[in-house]
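Novice: Sharing a structure, written as structure tokens. Questions coming.
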Amino acid sequence: TARQQPKAPRAMQREETEEERRARRLAKKAAKEAKFAAKKAAQEAQQQKQAADGAAKPAAPKEAPPVEDPAALATAYVNPTPAGELKAMSGPMAQKYLPHEVEASWNAWWEASGYYRGNSDPADTRPKFSICLPPPNVTGSLHLGHALTVAVQDLLARWKRMSGYNVLWIPGTDHAGIATQVVVEKKLKKERGLTRHDLGREEFLKTVFEWKEAYGQRITMQLRRLGCSLDWS
């Protein structure tokens with residue numbers, strides 16, 4: 001075959017001059033600025049339209065979502081299980097954790113079933129373990145310090161029961177009558193402007209015992225609500 005002849009070299013392209021390069025850069029820059037200005041104008045027009053629409057039709061104020069009060073929910077809750085009976089669990093499960101519903105009935109059933117009672121029968125050969133609850137002052141409601149104390153003692157009592165011990169955890173209230181007397185005297189002075197001397201011994205003792213009945217029952221109720229495995233018998 002005939003030998004293929006080489007192609008002729010391509011014509012050399014003309015080199016761009018400095019003035020042409022400068023003109024091209026300026027044109028590119030001008031196009032970019034025009035595009036940015038158009039975008040900015042469109043945004044300003046949209047903002048003006050939204051402001052005009054808002055002025056013509058004021059937006060309704062947003063209502064804050066209602067905040068549930070846990071204390072109010074617990075107070076309003078009606079436990080369907082009779083006191084001392086095993087908790088009824090036939091109903092549907094709540095969508096969220098509600099402590100007052102979950103904890104209801106369990107402690108009353110445990111207490112009624114005798115799980116907290118110590119056995120005084122001499123024939124019971126199990127090793128013995130006993131604690132006397134430091135009785136809280138009848139000066140008001142229990143606080144976090146009391147909850148910490150009874151939590152540690154309850155842990156020990158339950159652990160010993162599970163370990164095969166004959167456990168007796170004894171409850172009580174008011175180990176400091178002077179502190180209770182001081183609180184009642186302050187209340188008497190604030191509410192009635194009287195001292196214990198104005199009332200006399202018998203009337204003052206009556207007032208102190210009324211206070212004890214009110215707050216003593218509250219304290220024992222709080223201990224039960226905490227789930228303390230005390231022997232109330």
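Chain labels A, B, ... are given in the sequence in which chains occur in the structure tokens; within each chain residues are numbered consecutively from 1, and ligands are likewise numbered from 1 in the order shown.
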Using only C-alpha atoms, which protein or nucleic acid residues come within 10 Å of A:Cys132? Drop anything in the same chain fewer than 5 positions from it, and give the result as a PyMOL selection string.
Specialist: chain A and resi 153+168-172+230
Novice: Using only C-alpha atoms, find the one residue out of A:Leu156, A:Val138, A:Tyr165, A:Asp53 that sits nearest to A:Gly118.
Specialist: A:Tyr165
Novice: Identify, on the basis of only C-alpha atoms, every residue whose closest approach to A:Val167 does not exceed 7 Å; exclude the query and any residue fewer than 4 positions from it along the same chain; express the result as a list in words.
Specialist: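 Near neighbours after the sequence-gap exclusion: Gly118, Lys128, Phe129, Ser130, Ala157, Lys160 and Arg161 of chain A.
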Novice: Would you save the residues of that selection, restricted to all heavy atoms, as a PDB file, in the first residue's frame?
Specialist:
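Output (selection-v3.pdb):
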```pdb
ATOM      1  N   GLY A 118     -41.311  -8.795 111.026  1.00  0.00           N
ATOM      2  CA  GLY A 118     -40.333  -9.668 111.657  1.00  0.00           C
ATOM      3  C   GLY A 118     -41.047 -10.771 112.418  1.00  0.00           C
ATOM      4  O   GLY A 118     -42.184 -10.595 112.869  1.00  0.00           O
ATOM      5  N   LYS A 128     -30.873 -13.083 113.039  1.00  0.00           N
ATOM      6  CA  LYS A 128     -31.706 -11.892 113.216  1.00  0.00           C
ATOM      7  C   LYS A 128     -30.946 -10.635 112.791  1.00  0.00           C
ATOM      8  O   LYS A 128     -29.735 -10.526 112.967  1.00  0.00           O
ATOM      9  CB  LYS A 128     -32.154 -11.775 114.668  1.00  0.00           C
ATOM     10  CG  LYS A 128     -33.050 -12.923 115.118  1.00  0.00           C
ATOM     11  CD  LYS A 128     -33.391 -12.812 116.587  1.00  0.00           C
ATOM     12  CE  LYS A 128     -34.379 -13.891 116.996  1.00  0.00           C
ATOM     13  NZ  LYS A 128     -33.870 -15.258 116.720  1.00  0.00           N
ATOM     14  N   PHE A 129     -31.729  -9.696 112.252  1.00  0.00           N
ATOM     15  CA  PHE A 129     -31.180  -8.386 111.862  1.00  0.00           C
ATOM     16  C   PHE A 129     -32.256  -7.351 112.135  1.00  0.00           C
ATOM     17  O   PHE A 129     -33.385  -7.486 111.667  1.00  0.00           O
ATOM     18  CB  PHE A 129     -30.796  -8.366 110.386  1.00  0.00           C
ATOM     19  CG  PHE A 129     -30.221  -7.053 109.921  1.00  0.00           C
ATOM     20  CD1 PHE A 129     -28.894  -6.736 110.168  1.00  0.00           C
ATOM     21  CD2 PHE A 129     -31.007  -6.136 109.237  1.00  0.00           C
ATOM     22  CE1 PHE A 129     -28.359  -5.523 109.740  1.00  0.00           C
ATOM     23  CE2 PHE A 129     -30.486  -4.922 108.808  1.00  0.00           C
ATOM     24  CZ  PHE A 129     -29.157  -4.620 109.055  1.00  0.00           C
ATOM     25  N   SER A 130     -31.922  -6.330 112.912  1.00  0.00           N
ATOM     26  CA  SER A 130     -32.931  -5.305 113.246  1.00  0.00           C
ATOM     27  C   SER A 130     -32.325  -3.909 113.166  1.00  0.00           C
ATOM     28  O   SER A 130     -31.132  -3.709 113.423  1.00  0.00           O
ATOM     29  CB  SER A 130     -33.508  -5.544 114.645  1.00  0.00           C
ATOM     30  OG  SER A 130     -32.480  -5.427 115.616  1.00  0.00           O
ATOM     31  N   ALA A 157     -32.238  -3.524 104.877  1.00  0.00           N
ATOM     32  CA  ALA A 157     -33.294  -4.429 105.339  1.00  0.00           C
ATOM     33  C   ALA A 157     -33.690  -5.408 104.236  1.00  0.00           C
ATOM     34  O   ALA A 157     -33.825  -6.622 104.476  1.00  0.00           O
ATOM     35  CB  ALA A 157     -34.507  -3.625 105.804  1.00  0.00           C
ATOM     36  N   LYS A 160     -30.905  -8.006 103.607  1.00  0.00           N
ATOM     37  CA  LYS A 160     -30.842  -9.046 104.641  1.00  0.00           C
ATOM     38  C   LYS A 160     -31.996 -10.031 104.491  1.00  0.00           C
ATOM     39  O   LYS A 160     -31.828 -11.239 104.702  1.00  0.00           O
ATOM     40  CB  LYS A 160     -30.849  -8.404 106.025  1.00  0.00           C
ATOM     41  CG  LYS A 160     -29.554  -7.701 106.400  1.00  0.00           C
ATOM     42  CD  LYS A 160     -28.398  -8.690 106.507  1.00  0.00           C
ATOM     43  CE  LYS A 160     -27.120  -8.032 106.985  1.00  0.00           C
ATOM     44  NZ  LYS A 160     -26.003  -8.999 107.099  1.00  0.00           N
ATOM     45  N   ARG A 161     -33.188  -9.548 104.147  1.00  0.00           N
ATOM     46  CA  ARG A 161     -34.308 -10.466 103.923  1.00  0.00           C
ATOM     47  C   ARG A 161     -33.974 -11.437 102.789  1.00  0.00           C
ATOM     48  O   ARG A 161     -34.238 -12.646 102.872  1.00  0.00           O
ATOM     49  CB  ARG A 161     -35.582  -9.697 103.580  1.00  0.00           C
ATOM     50  CG  ARG A 161     -36.204  -8.945 104.748  1.00  0.00           C
ATOM     51  CD  ARG A 161     -37.605  -8.461 104.408  1.00  0.00           C
ATOM     52  NE  ARG A 161     -38.089  -7.513 105.397  1.00  0.00           N
ATOM     53  CZ  ARG A 161     -38.026  -6.193 105.266  1.00  0.00           C
ATOM     54  NH1 ARG A 161     -37.494  -5.667 104.161  1.00  0.00           N
ATOM     55  NH2 ARG A 161     -38.464  -5.400 106.215  1.00  0.00           N
TER      56      ARG A 161
END
```
